[in-house]
Amino acid sequence: SGHALDLNTSESGVLSWLDNHADEFGFRRTVPSEAWHWEYWGAVDFDGPCGSVPACWSGNYDGAFCDDEDHGSEEAHDRLQGELGVNFHCSEIAGEPAFCPTAKAKRGDAAFVFLKAAGGTTSGHPDAFTDDDGHAREPWMNAAKASGVLLGSSGHGNPDGIATRSTLAVMLVRLYRLPPANQDYFDDDDGTANEDAHNQVAEAGLFGGYADDNGGRKDFRPTVDATRSTLAVLAGRAKDAGLVPVWDIPAACIDGSFTG
């Protein structure tokens with residue numbers, strides 16, 4: 001796009017000078033791990049010749065994150081951080097917190113966001129999987145296993161595996177022990193393994209459908225990769241629906257052992 005330059009910062013004093021003075025000339029170091037990578041965006045108070053200054057560089061943004069201005073789910077991102085108490089920022093850009101709304105959601109991230117937003121904790125759970133030792137999401141993977149939200153396969157939880165819409169539907173059904181649905185909401189998942197879960201989350205008001213070829217909204221698109229933004233939206237909808245997480249549901253309500 002013409003913004004970036006790779007500069008020789010190995011010479012003595014160059015990097016120090018850039019750190020102290022580059023912004024005076026409209027240049028910013030935009031990749032923290034690359035001392036040589038600098039981009040020109042002009043001054044922060046006007047549109048430079050290469051385009052508008054991104055909010056993360058100018059610092060002029062609303063809400064909790066600098067990279068989701070005008071995103072359709074910006075309010076859900078802010079709510080996740082504030083009201084639901086889930087710190088899910090992806091990184092910092094030019095020193096400002098970023099959400100990375102369009103980045104693909106990972107299974108470990110889904111376990112963290114859903115359980116944390118529902119009031120779950122990481123204490124007291126045994127080590128559940130062999131492939132997440134030392135992983136940042138390991139405590140939440142253990143919590144997800146203990147609550148039956150993630151089952152894993154052959155001892156693997158696959159924390160960095162990309163979560164599809166179907167994956168998230170199954171996790172939410174397990175987390176809130178959603179009841180069977182009363183109707184078939186979607187046409188493009190007929191006969192698939194998780195069709196029941198798709199209908200359950202639709203009936204609970206968590207998922208909607210995509211537009212289909214018949215002018216309706218009966219496409220679930222189960223294999224579509226979920227995004228980080230999707231996690232924020234679903235966590236907020238679960239809160240609004242007043243759903244009760246499995247650890248707060250009396251055992252008799254789950255196993256049917258009650259009388260009367």
# chains A, B, ... in the order shown; residues from 1 in each chain; ligands from 1

$ select_by_dssp --residues "stretch 3-237 of chain A" --states "helix (DSSP H, G or I)" --output "PDB file with N, CA, C and O atoms, in the first residue's frame"
ATOM      1  N   VAL A  14      20.681   4.712  15.338  1.00  0.00           N
ATOM      2  CA  VAL A  14      19.559   4.883  14.405  1.00  0.00           C
ATOM      3  C   VAL A  14      18.223   4.589  15.084  1.00  0.00           C
ATOM      4  O   VAL A  14      17.283   5.385  15.009  1.00  0.00           O
ATOM      5  N   LEU A  15      18.132   3.439  15.727  1.00  0.00           N
ATOM      6  CA  LEU A  15      16.864   3.056  16.344  1.00  0.00           C
ATOM      7  C   LEU A  15      16.474   4.029  17.448  1.00  0.00           C
ATOM      8  O   LEU A  15      15.297   4.399  17.576  1.00  0.00           O
ATOM      9  N   SER A  16      17.457   4.456  18.232  1.00  0.00           N
ATOM     10  CA  SER A  16      17.183   5.410  19.303  1.00  0.00           C
ATOM     11  C   SER A  16      16.630   6.711  18.739  1.00  0.00           C
ATOM     12  O   SER A  16      15.670   7.285  19.272  1.00  0.00           O
ATOM     13  N   TRP A  17      17.235   7.175  17.625  1.00  0.00           N
ATOM     14  CA  TRP A  17      16.762   8.415  17.016  1.00  0.00           C
ATOM     15  C   TRP A  17      15.336   8.257  16.482  1.00  0.00           C
ATOM     16  O   TRP A  17      14.483   9.124  16.677  1.00  0.00           O
ATOM     17  N   LEU A  18      15.061   7.109  15.857  1.00  0.00           N
ATOM     18  CA  LEU A  18      13.721   6.868  15.332  1.00  0.00           C
ATOM     19  C   LEU A  18      12.695   6.825  16.453  1.00  0.00           C
ATOM     20  O   LEU A  18      11.602   7.384  16.336  1.00  0.00           O
ATOM     21  N   ASP A  19      13.028   6.146  17.534  1.00  0.00           N
ATOM     22  CA  ASP A  19      12.101   6.049  18.650  1.00  0.00           C
ATOM     23  C   ASP A  19      11.749   7.432  19.194  1.00  0.00           C
ATOM     24  O   ASP A  19      10.618   7.673  19.630  1.00  0.00           O
ATOM     25  N   ASN A  20      12.720   8.333  19.180  1.00  0.00           N
ATOM     26  CA  ASN A  20      12.524   9.654  19.774  1.00  0.00           C
ATOM     27  C   ASN A  20      11.959  10.695  18.814  1.00  0.00           C
ATOM     28  O   ASN A  20      11.331  11.672  19.257  1.00  0.00           O
ATOM     29  N   HIS A  21      12.153  10.491  17.500  1.00  0.00           N
ATOM     30  CA  HIS A  21      11.826  11.575  16.566  1.00  0.00           C
ATOM     31  C   HIS A  21      10.974  11.175  15.367  1.00  0.00           C
ATOM     32  O   HIS A  21      10.445  12.055  14.685  1.00  0.00           O
ATOM     33  N   ALA A  22      10.820   9.865  15.092  1.00  0.00           N
ATOM     34  CA  ALA A  22      10.122   9.478  13.864  1.00  0.00           C
ATOM     35  C   ALA A  22       8.693  10.010  13.817  1.00  0.00           C
ATOM     36  O   ALA A  22       8.198  10.414  12.759  1.00  0.00           O
ATOM     37  N   ASP A  23       8.012  10.036  14.983  1.00  0.00           N
ATOM     38  CA  ASP A  23       6.632  10.486  14.978  1.00  0.00           C
ATOM     39  C   ASP A  23       6.501  11.953  14.608  1.00  0.00           C
ATOM     40  O   ASP A  23       5.450  12.398  14.129  1.00  0.00           O
ATOM     41  N   GLU A  24       7.572  12.727  14.780  1.00  0.00           N
ATOM     42  CA  GLU A  24       7.538  14.132  14.389  1.00  0.00           C
ATOM     43  C   GLU A  24       7.392  14.273  12.879  1.00  0.00           C
ATOM     44  O   GLU A  24       6.916  15.305  12.389  1.00  0.00           O
ATOM     45  N   PHE A  25       7.777  13.248  12.167  1.00  0.00           N
ATOM     46  CA  PHE A  25       7.733  13.273  10.703  1.00  0.00           C
ATOM     47  C   PHE A  25       6.642  12.352  10.150  1.00  0.00           C
ATOM     48  O   PHE A  25       6.590  12.091   8.946  1.00  0.00           O
ATOM     49  N   ALA A  55      -7.131   4.573  13.908  1.00  0.00           N
ATOM     50  CA  ALA A  55      -7.428   4.998  15.272  1.00  0.00           C
ATOM     51  C   ALA A  55      -6.371   4.532  16.262  1.00  0.00           C
ATOM     52  O   ALA A  55      -6.111   5.207  17.263  1.00  0.00           O
ATOM     53  N   CYS A  56      -5.765   3.373  16.010  1.00  0.00           N
ATOM     54  CA  CYS A  56      -4.769   2.860  16.944  1.00  0.00           C
ATOM     55  C   CYS A  56      -3.538   3.756  16.994  1.00  0.00           C
ATOM     56  O   CYS A  56      -2.839   3.805  18.010  1.00  0.00           O
ATOM     57  N   TRP A  57      -3.256   4.442  15.907  1.00  0.00           N
ATOM     58  CA  TRP A  57      -2.092   5.322  15.877  1.00  0.00           C
ATOM     59  C   TRP A  57      -2.449   6.729  16.347  1.00  0.00           C
ATOM     60  O   TRP A  57      -1.664   7.397  16.990  1.00  0.00           O
ATOM     61  N   SER A  58      -3.638   7.173  16.025  1.00  0.00           N
ATOM     62  CA  SER A  58      -4.033   8.521  16.415  1.00  0.00           C
ATOM     63  C   SER A  58      -4.497   8.590  17.860  1.00  0.00           C
ATOM     64  O   SER A  58      -4.436   9.644  18.492  1.00  0.00           O
ATOM     65  N   GLU A  74     -19.019  -3.782  17.676  1.00  0.00           N
ATOM     66  CA  GLU A  74     -18.146  -3.046  18.596  1.00  0.00           C
ATOM     67  C   GLU A  74     -18.735  -2.994  19.994  1.00  0.00           C
ATOM     68  O   GLU A  74     -18.025  -3.153  20.998  1.00  0.00           O
ATOM     69  N   GLU A  75     -20.052  -2.787  20.105  1.00  0.00           N
ATOM     70  CA  GLU A  75     -20.689  -2.717  21.410  1.00  0.00           C
ATOM     71  C   GLU A  75     -20.531  -4.032  22.170  1.00  0.00           C
ATOM     72  O   GLU A  75     -20.319  -4.032  23.390  1.00  0.00           O
ATOM     73  N   ALA A  76     -20.611  -5.154  21.451  1.00  0.00           N
ATOM     74  CA  ALA A  76     -20.444  -6.456  22.094  1.00  0.00           C
ATOM     75  C   ALA A  76     -19.019  -6.633  22.598  1.00  0.00           C
ATOM     76  O   ALA A  76     -18.803  -7.223  23.671  1.00  0.00           O
ATOM     77  N   HIS A  77     -18.031  -6.135  21.863  1.00  0.00           N
ATOM     78  CA  HIS A  77     -16.638  -6.215  22.305  1.00  0.00           C
ATOM     79  C   HIS A  77     -16.440  -5.427  23.600  1.00  0.00           C
ATOM     80  O   HIS A  77     -15.808  -5.899  24.550  1.00  0.00           O
ATOM     81  N   ASP A  78     -16.990  -4.213  23.612  1.00  0.00           N
ATOM     82  CA  ASP A  78     -16.862  -3.370  24.799  1.00  0.00           C
ATOM     83  C   ASP A  78     -17.575  -3.995  25.999  1.00  0.00           C
ATOM     84  O   ASP A  78     -17.091  -3.939  27.127  1.00  0.00           O
ATOM     85  N   ARG A  79     -18.729  -4.582  25.727  1.00  0.00           N
ATOM     86  CA  ARG A  79     -19.504  -5.192  26.805  1.00  0.00           C
ATOM     87  C   ARG A  79     -18.773  -6.404  27.390  1.00  0.00           C
ATOM     88  O   ARG A  79     -18.798  -6.634  28.596  1.00  0.00           O
ATOM     89  N   LEU A  80     -18.135  -7.174  26.521  1.00  0.00           N
ATOM     90  CA  LEU A  80     -17.378  -8.325  26.989  1.00  0.00           C
ATOM     91  C   LEU A  80     -16.293  -7.883  27.950  1.00  0.00           C
ATOM     92  O   LEU A  80     -16.081  -8.501  29.006  1.00  0.00           O
ATOM     93  N   GLN A  81     -15.611  -6.814  27.604  1.00  0.00           N
ATOM     94  CA  GLN A  81     -14.519  -6.302  28.428  1.00  0.00           C
ATOM     95  C   GLN A  81     -15.038  -5.676  29.715  1.00  0.00           C
ATOM     96  O   GLN A  81     -14.495  -5.913  30.793  1.00  0.00           O
ATOM     97  N   ARG A 107     -10.456 -22.801  19.792  1.00  0.00           N
ATOM     98  CA  ARG A 107     -11.207 -23.566  20.784  1.00  0.00           C
ATOM     99  C   ARG A 107     -10.862 -23.134  22.214  1.00  0.00           C
ATOM    100  O   ARG A 107     -11.736 -23.010  23.064  1.00  0.00           O
ATOM    101  N   GLY A 108      -9.585 -22.891  22.458  1.00  0.00           N
ATOM    102  CA  GLY A 108      -9.188 -22.429  23.780  1.00  0.00           C
ATOM    103  C   GLY A 108      -9.765 -21.064  24.109  1.00  0.00           C
ATOM    104  O   GLY A 108     -10.150 -20.797  25.245  1.00  0.00           O
ATOM    105  N   ASP A 109      -9.826 -20.183  23.103  1.00  0.00           N
ATOM    106  CA  ASP A 109     -10.426 -18.872  23.310  1.00  0.00           C
ATOM    107  C   ASP A 109     -11.909 -18.997  23.627  1.00  0.00           C
ATOM    108  O   ASP A 109     -12.436 -18.286  24.489  1.00  0.00           O
ATOM    109  N   ALA A 110     -12.584 -19.898  22.918  1.00  0.00           N
ATOM    110  CA  ALA A 110     -14.016 -20.098  23.157  1.00  0.00           C
ATOM    111  C   ALA A 110     -14.266 -20.585  24.583  1.00  0.00           C
ATOM    112  O   ALA A 110     -15.187 -20.123  25.263  1.00  0.00           O
ATOM    113  N   ALA A 111     -13.438 -21.532  25.046  1.00  0.00           N
ATOM    114  CA  ALA A 111     -13.576 -22.018  26.420  1.00  0.00           C
ATOM    115  C   ALA A 111     -13.398 -20.880  27.414  1.00  0.00           C
ATOM    116  O   ALA A 111     -14.172 -20.733  28.372  1.00  0.00           O
ATOM    117  N   PHE A 112     -12.393 -20.049  27.187  1.00  0.00           N
ATOM    118  CA  PHE A 112     -12.118 -18.924  28.073  1.00  0.00           C
ATOM    119  C   PHE A 112     -13.270 -17.923  28.086  1.00  0.00           C
ATOM    120  O   PHE A 112     -13.798 -17.563  29.152  1.00  0.00           O
ATOM    121  N   VAL A 113     -13.680 -17.473  26.914  1.00  0.00           N
ATOM    122  CA  VAL A 113     -14.704 -16.424  26.838  1.00  0.00           C
ATOM    123  C   VAL A 113     -16.037 -16.911  27.387  1.00  0.00           C
ATOM    124  O   VAL A 113     -16.669 -16.240  28.218  1.00  0.00           O
ATOM    125  N   PHE A 114     -16.491 -18.067  26.948  1.00  0.00           N
ATOM    126  CA  PHE A 114     -17.805 -18.545  27.373  1.00  0.00           C
ATOM    127  C   PHE A 114     -17.858 -18.825  28.871  1.00  0.00           C
ATOM    128  O   PHE A 114     -18.798 -18.428  29.558  1.00  0.00           O
ATOM    129  N   LEU A 115     -16.843 -19.527  29.387  1.00  0.00           N
ATOM    130  CA  LEU A 115     -16.882 -19.872  30.810  1.00  0.00           C
ATOM    131  C   LEU A 115     -16.646 -18.653  31.693  1.00  0.00           C
ATOM    132  O   LEU A 115     -17.318 -18.489  32.717  1.00  0.00           O
ATOM    133  N   LYS A 116     -15.706 -17.809  31.320  1.00  0.00           N
ATOM    134  CA  LYS A 116     -15.434 -16.608  32.106  1.00  0.00           C
ATOM    135  C   LYS A 116     -16.643 -15.688  32.133  1.00  0.00           C
ATOM    136  O   LYS A 116     -17.020 -15.166  33.194  1.00  0.00           O
ATOM    137  N   ALA A 117     -17.280 -15.473  30.985  1.00  0.00           N
ATOM    138  CA  ALA A 117     -18.450 -14.601  30.913  1.00  0.00           C
ATOM    139  C   ALA A 117     -19.612 -15.156  31.717  1.00  0.00           C
ATOM    140  O   ALA A 117     -20.460 -14.407  32.212  1.00  0.00           O
ATOM    141  N   GLU A 138      -4.794 -23.190  29.078  1.00  0.00           N
ATOM    142  CA  GLU A 138      -4.884 -24.497  29.737  1.00  0.00           C
ATOM    143  C   GLU A 138      -5.841 -24.492  30.929  1.00  0.00           C
ATOM    144  O   GLU A 138      -6.673 -25.411  31.056  1.00  0.00           O
ATOM    145  N   PRO A 139      -5.784 -23.498  31.831  1.00  0.00           N
ATOM    146  CA  PRO A 139      -6.720 -23.528  32.966  1.00  0.00           C
ATOM    147  C   PRO A 139      -8.180 -23.531  32.529  1.00  0.00           C
ATOM    148  O   PRO A 139      -9.023 -24.191  33.162  1.00  0.00           O
ATOM    149  N   TRP A 140      -8.480 -22.824  31.450  1.00  0.00           N
ATOM    150  CA  TRP A 140      -9.864 -22.761  30.989  1.00  0.00           C
ATOM    151  C   TRP A 140     -10.241 -24.008  30.205  1.00  0.00           C
ATOM    152  O   TRP A 140     -11.410 -24.419  30.199  1.00  0.00           O
ATOM    153  N   MET A 141      -9.271 -24.626  29.562  1.00  0.00           N
ATOM    154  CA  MET A 141      -9.532 -25.915  28.917  1.00  0.00           C
ATOM    155  C   MET A 141      -9.870 -26.963  29.984  1.00  0.00           C
ATOM    156  O   MET A 141     -10.784 -27.774  29.812  1.00  0.00           O
ATOM    157  N   ASN A 142      -9.136 -26.939  31.107  1.00  0.00           N
ATOM    158  CA  ASN A 142      -9.428 -27.859  32.199  1.00  0.00           C
ATOM    159  C   ASN A 142     -10.827 -27.610  32.767  1.00  0.00           C
ATOM    160  O   ASN A 142     -11.567 -28.553  33.064  1.00  0.00           O
ATOM    161  N   ALA A 143     -11.179 -26.335  32.914  1.00  0.00           N
ATOM    162  CA  ALA A 143     -12.510 -25.993  33.428  1.00  0.00           C
ATOM    163  C   ALA A 143     -13.602 -26.431  32.462  1.00  0.00           C
ATOM    164  O   ALA A 143     -14.663 -26.906  32.881  1.00  0.00           O
ATOM    165  N   ALA A 144     -13.330 -26.286  31.161  1.00  0.00           N
ATOM    166  CA  ALA A 144     -14.317 -26.685  30.155  1.00  0.00           C
ATOM    167  C   ALA A 144     -14.529 -28.188  30.162  1.00  0.00           C
ATOM    168  O   ALA A 144     -15.656 -28.681  30.006  1.00  0.00           O
ATOM    169  N   LYS A 145     -13.463 -28.925  30.362  1.00  0.00           N
ATOM    170  CA  LYS A 145     -13.569 -30.381  30.441  1.00  0.00           C
ATOM    171  C   LYS A 145     -14.341 -30.787  31.693  1.00  0.00           C
ATOM    172  O   LYS A 145     -15.232 -31.658  31.644  1.00  0.00           O
ATOM    173  N   ALA A 146     -14.028 -30.168  32.821  1.00  0.00           N
ATOM    174  CA  ALA A 146     -14.666 -30.523  34.089  1.00  0.00           C
ATOM    175  C   ALA A 146     -16.164 -30.254  34.064  1.00  0.00           C
ATOM    176  O   ALA A 146     -16.944 -30.975  34.697  1.00  0.00           O
ATOM    177  N   ARG A 165     -18.812 -22.477  13.605  1.00  0.00           N
ATOM    178  CA  ARG A 165     -20.103 -22.120  14.198  1.00  0.00           C
ATOM    179  C   ARG A 165     -20.729 -23.336  14.883  1.00  0.00           C
ATOM    180  O   ARG A 165     -21.339 -23.216  15.949  1.00  0.00           O
ATOM    181  N   SER A 166     -20.545 -24.497  14.278  1.00  0.00           N
ATOM    182  CA  SER A 166     -21.092 -25.711  14.865  1.00  0.00           C
ATOM    183  C   SER A 166     -20.401 -26.033  16.191  1.00  0.00           C
ATOM    184  O   SER A 166     -21.052 -26.436  17.168  1.00  0.00           O
ATOM    185  N   THR A 167     -19.080 -25.848  16.249  1.00  0.00           N
ATOM    186  CA  THR A 167     -18.337 -26.066  17.488  1.00  0.00           C
ATOM    187  C   THR A 167     -18.905 -25.221  18.618  1.00  0.00           C
ATOM    188  O   THR A 167     -19.134 -25.708  19.737  1.00  0.00           O
ATOM    189  N   LEU A 168     -19.152 -23.956  18.329  1.00  0.00           N
ATOM    190  CA  LEU A 168     -19.651 -23.052  19.357  1.00  0.00           C
ATOM    191  C   LEU A 168     -21.059 -23.430  19.785  1.00  0.00           C
ATOM    192  O   LEU A 168     -21.405 -23.317  20.974  1.00  0.00           O
ATOM    193  N   ALA A 169     -21.870 -23.874  18.847  1.00  0.00           N
ATOM    194  CA  ALA A 169     -23.228 -24.292  19.188  1.00  0.00           C
ATOM    195  C   ALA A 169     -23.195 -25.444  20.188  1.00  0.00           C
ATOM    196  O   ALA A 169     -23.913 -25.438  21.201  1.00  0.00           O
ATOM    197  N   VAL A 170     -22.347 -26.428  19.921  1.00  0.00           N
ATOM    198  CA  VAL A 170     -22.248 -27.587  20.813  1.00  0.00           C
ATOM    199  C   VAL A 170     -21.751 -27.161  22.198  1.00  0.00           C
ATOM    200  O   VAL A 170     -22.271 -27.603  23.234  1.00  0.00           O
ATOM    201  N   MET A 171     -20.766 -26.291  22.240  1.00  0.00           N
ATOM    202  CA  MET A 171     -20.238 -25.834  23.525  1.00  0.00           C
ATOM    203  C   MET A 171     -21.312 -25.117  24.341  1.00  0.00           C
ATOM    204  O   MET A 171     -21.429 -25.320  25.557  1.00  0.00           O
ATOM    205  N   LEU A 172     -22.106 -24.293  23.685  1.00  0.00           N
ATOM    206  CA  LEU A 172     -23.134 -23.546  24.398  1.00  0.00           C
ATOM    207  C   LEU A 172     -24.258 -24.449  24.885  1.00  0.00           C
ATOM    208  O   LEU A 172     -24.811 -24.248  25.977  1.00  0.00           O
ATOM    209  N   VAL A 173     -24.613 -25.434  24.083  1.00  0.00           N
ATOM    210  CA  VAL A 173     -25.620 -26.402  24.520  1.00  0.00           C
ATOM    211  C   VAL A 173     -25.159 -27.108  25.788  1.00  0.00           C
ATOM    212  O   VAL A 173     -25.927 -27.283  26.745  1.00  0.00           O
ATOM    213  N   ARG A 174     -23.898 -27.495  25.835  1.00  0.00           N
ATOM    214  CA  ARG A 174     -23.363 -28.184  27.007  1.00  0.00           C
ATOM    215  C   ARG A 174     -23.209 -27.254  28.197  1.00  0.00           C
ATOM    216  O   ARG A 174     -23.455 -27.643  29.345  1.00  0.00           O
ATOM    217  N   LEU A 175     -22.784 -26.021  27.935  1.00  0.00           N
ATOM    218  CA  LEU A 175     -22.551 -25.077  29.028  1.00  0.00           C
ATOM    219  C   LEU A 175     -23.848 -24.726  29.754  1.00  0.00           C
ATOM    220  O   LEU A 175     -23.867 -24.607  30.982  1.00  0.00           O
ATOM    221  N   TYR A 176     -24.937 -24.578  28.979  1.00  0.00           N
ATOM    222  CA  TYR A 176     -26.198 -24.155  29.584  1.00  0.00           C
ATOM    223  C   TYR A 176     -27.250 -25.269  29.615  1.00  0.00           C
ATOM    224  O   TYR A 176     -28.397 -25.012  29.973  1.00  0.00           O
ATOM    225  N   GLU A 195     -26.869 -31.177  14.158  1.00  0.00           N
ATOM    226  CA  GLU A 195     -28.087 -30.470  13.779  1.00  0.00           C
ATOM    227  C   GLU A 195     -28.930 -30.106  14.996  1.00  0.00           C
ATOM    228  O   GLU A 195     -29.466 -28.989  15.085  1.00  0.00           O
ATOM    229  N   ASP A 196     -29.060 -31.034  15.943  1.00  0.00           N
ATOM    230  CA  ASP A 196     -29.869 -30.760  17.133  1.00  0.00           C
ATOM    231  C   ASP A 196     -29.320 -29.563  17.909  1.00  0.00           C
ATOM    232  O   ASP A 196     -30.086 -28.715  18.398  1.00  0.00           O
ATOM    233  N   ALA A 197     -28.002 -29.485  18.025  1.00  0.00           N
ATOM    234  CA  ALA A 197     -27.388 -28.370  18.752  1.00  0.00           C
ATOM    235  C   ALA A 197     -27.661 -27.046  18.049  1.00  0.00           C
ATOM    236  O   ALA A 197     -27.905 -26.017  18.707  1.00  0.00           O
ATOM    237  N   HIS A 198     -27.622 -27.042  16.723  1.00  0.00           N
ATOM    238  CA  HIS A 198     -27.903 -25.813  15.978  1.00  0.00           C
ATOM    239  C   HIS A 198     -29.319 -25.331  16.278  1.00  0.00           C
ATOM    240  O   HIS A 198     -29.557 -24.131  16.480  1.00  0.00           O
ATOM    241  N   ASN A 199     -30.276 -26.258  16.306  1.00  0.00           N
ATOM    242  CA  ASN A 199     -31.655 -25.884  16.597  1.00  0.00           C
ATOM    243  C   ASN A 199     -31.815 -25.408  18.037  1.00  0.00           C
ATOM    244  O   ASN A 199     -32.574 -24.473  18.326  1.00  0.00           O
ATOM    245  N   GLN A 200     -31.080 -26.025  18.949  1.00  0.00           N
ATOM    246  CA  GLN A 200     -31.181 -25.642  20.358  1.00  0.00           C
ATOM    247  C   GLN A 200     -30.680 -24.217  20.593  1.00  0.00           C
ATOM    248  O   GLN A 200     -31.307 -23.438  21.314  1.00  0.00           O
ATOM    249  N   VAL A 201     -29.542 -23.862  20.002  1.00  0.00           N
ATOM    250  CA  VAL A 201     -29.020 -22.511  20.221  1.00  0.00           C
ATOM    251  C   VAL A 201     -29.867 -21.469  19.501  1.00  0.00           C
ATOM    252  O   VAL A 201     -29.959 -20.322  19.938  1.00  0.00           O
ATOM    253  N   ALA A 202     -30.503 -21.871  18.401  1.00  0.00           N
ATOM    254  CA  ALA A 202     -31.409 -20.953  17.713  1.00  0.00           C
ATOM    255  C   ALA A 202     -32.635 -20.682  18.579  1.00  0.00           C
ATOM    256  O   ALA A 202     -33.072 -19.528  18.729  1.00  0.00           O
ATOM    257  N   GLU A 203     -33.202 -21.731  19.156  1.00  0.00           N
ATOM    258  CA  GLU A 203     -34.393 -21.572  19.988  1.00  0.00           C
ATOM    259  C   GLU A 203     -34.080 -20.770  21.247  1.00  0.00           C
ATOM    260  O   GLU A 203     -34.942 -20.051  21.765  1.00  0.00           O
ATOM    261  N   ARG A 228     -13.380 -13.988  16.562  1.00  0.00           N
ATOM    262  CA  ARG A 228     -13.318 -13.486  17.936  1.00  0.00           C
ATOM    263  C   ARG A 228     -14.546 -12.631  18.246  1.00  0.00           C
ATOM    264  O   ARG A 228     -15.073 -12.658  19.358  1.00  0.00           O
ATOM    265  N   SER A 229     -15.011 -11.899  17.250  1.00  0.00           N
ATOM    266  CA  SER A 229     -16.213 -11.091  17.434  1.00  0.00           C
ATOM    267  C   SER A 229     -17.424 -11.971  17.726  1.00  0.00           C
ATOM    268  O   SER A 229     -18.279 -11.617  18.554  1.00  0.00           O
ATOM    269  N   THR A 230     -17.505 -13.126  17.048  1.00  0.00           N
ATOM    270  CA  THR A 230     -18.612 -14.060  17.293  1.00  0.00           C
ATOM    271  C   THR A 230     -18.675 -14.447  18.763  1.00  0.00           C
ATOM    272  O   THR A 230     -19.759 -14.518  19.352  1.00  0.00           O
ATOM    273  N   LEU A 231     -17.534 -14.708  19.375  1.00  0.00           N
ATOM    274  CA  LEU A 231     -17.500 -15.098  20.781  1.00  0.00           C
ATOM    275  C   LEU A 231     -18.092 -14.000  21.662  1.00  0.00           C
ATOM    276  O   LEU A 231     -18.862 -14.282  22.594  1.00  0.00           O
ATOM    277  N   ALA A 232     -17.737 -12.760  21.389  1.00  0.00           N
ATOM    278  CA  ALA A 232     -18.251 -11.646  22.189  1.00  0.00           C
ATOM    279  C   ALA A 232     -19.760 -11.530  22.056  1.00  0.00           C
ATOM    280  O   ALA A 232     -20.475 -11.329  23.050  1.00  0.00           O
ATOM    281  N   VAL A 233     -20.251 -11.644  20.833  1.00  0.00           N
ATOM    282  CA  VAL A 233     -21.688 -11.524  20.592  1.00  0.00           C
ATOM    283  C   VAL A 233     -22.453 -12.627  21.320  1.00  0.00           C
ATOM    284  O   VAL A 233     -23.470 -12.386  21.982  1.00  0.00           O
ATOM    285  N   LEU A 234     -21.984 -13.859  21.219  1.00  0.00           N
ATOM    286  CA  LEU A 234     -22.673 -14.988  21.840  1.00  0.00           C
ATOM    287  C   LEU A 234     -22.654 -14.897  23.363  1.00  0.00           C
ATOM    288  O   LEU A 234     -23.649 -15.227  24.029  1.00  0.00           O
ATOM    289  N   ALA A 235     -21.543 -14.464  23.928  1.00  0.00           N
ATOM    290  CA  ALA A 235     -21.466 -14.314  25.387  1.00  0.00           C
ATOM    291  C   ALA A 235     -22.480 -13.295  25.874  1.00  0.00           C
ATOM    292  O   ALA A 235     -23.133 -13.490  26.907  1.00  0.00           O
ATOM    293  N   GLY A 236     -22.633 -12.208  25.127  1.00  0.00           N
ATOM    294  CA  GLY A 236     -23.609 -11.187  25.499  1.00  0.00           C
ATOM    295  C   GLY A 236     -25.037 -11.684  25.372  1.00  0.00           C
ATOM    296  O   GLY A 236     -25.891 -11.391  26.224  1.00  0.00           O
ATOM    297  N   ARG A 237     -25.317 -12.436  24.319  1.00  0.00           N
ATOM    298  CA  ARG A 237     -26.670 -12.951  24.134  1.00  0.00           C
ATOM    299  C   ARG A 237     -27.038 -13.951  25.227  1.00  0.00           C
ATOM    300  O   ARG A 237     -28.186 -13.978  25.691  1.00  0.00           O
TER     301      ARG A 237
END

$ select_by_dssp --residues "stretch 80-140 of chain A" --states "strand (DSSP E or B)" --output "MDAnalysis selection string"
chainID A and resid 91:93 96:98 104 106

$ residues_around --residues "stretch 59-73 of chain A" --least-positions-apart "5" --cutoff "6 Å" --atoms "only C-alpha atoms" --output "count of residues only"
4

$ closest_residue --among "A:Gly134, A:Phe220, A:Ser91, A:Ala103" --to "A:Asp190" --atoms "only C-alpha atoms"
A:Phe220

$ atom_distance --atom1 "atom CA of A:Gly82" --atom2 "atom CA of A:Lys239"
13.2 Å

$ closest_residue --among "A:Asn158, A:Pro222, A:Ala241, A:Ala35" --to "A:Ala193" --atoms "only C-alpha atoms"
A:Pro222

$ closest_residue --among "A:Glu11, A:Asp240, A:Glu92, A:Glu83" --to "A:Ser33" --atoms "only C-alpha atoms"
A:Glu92

$ closest_residue --among "A:Asp255, A:His37, A:Asn87, A:Val149" --to "A:Asp6" --atoms "only C-alpha atoms"
A:His37
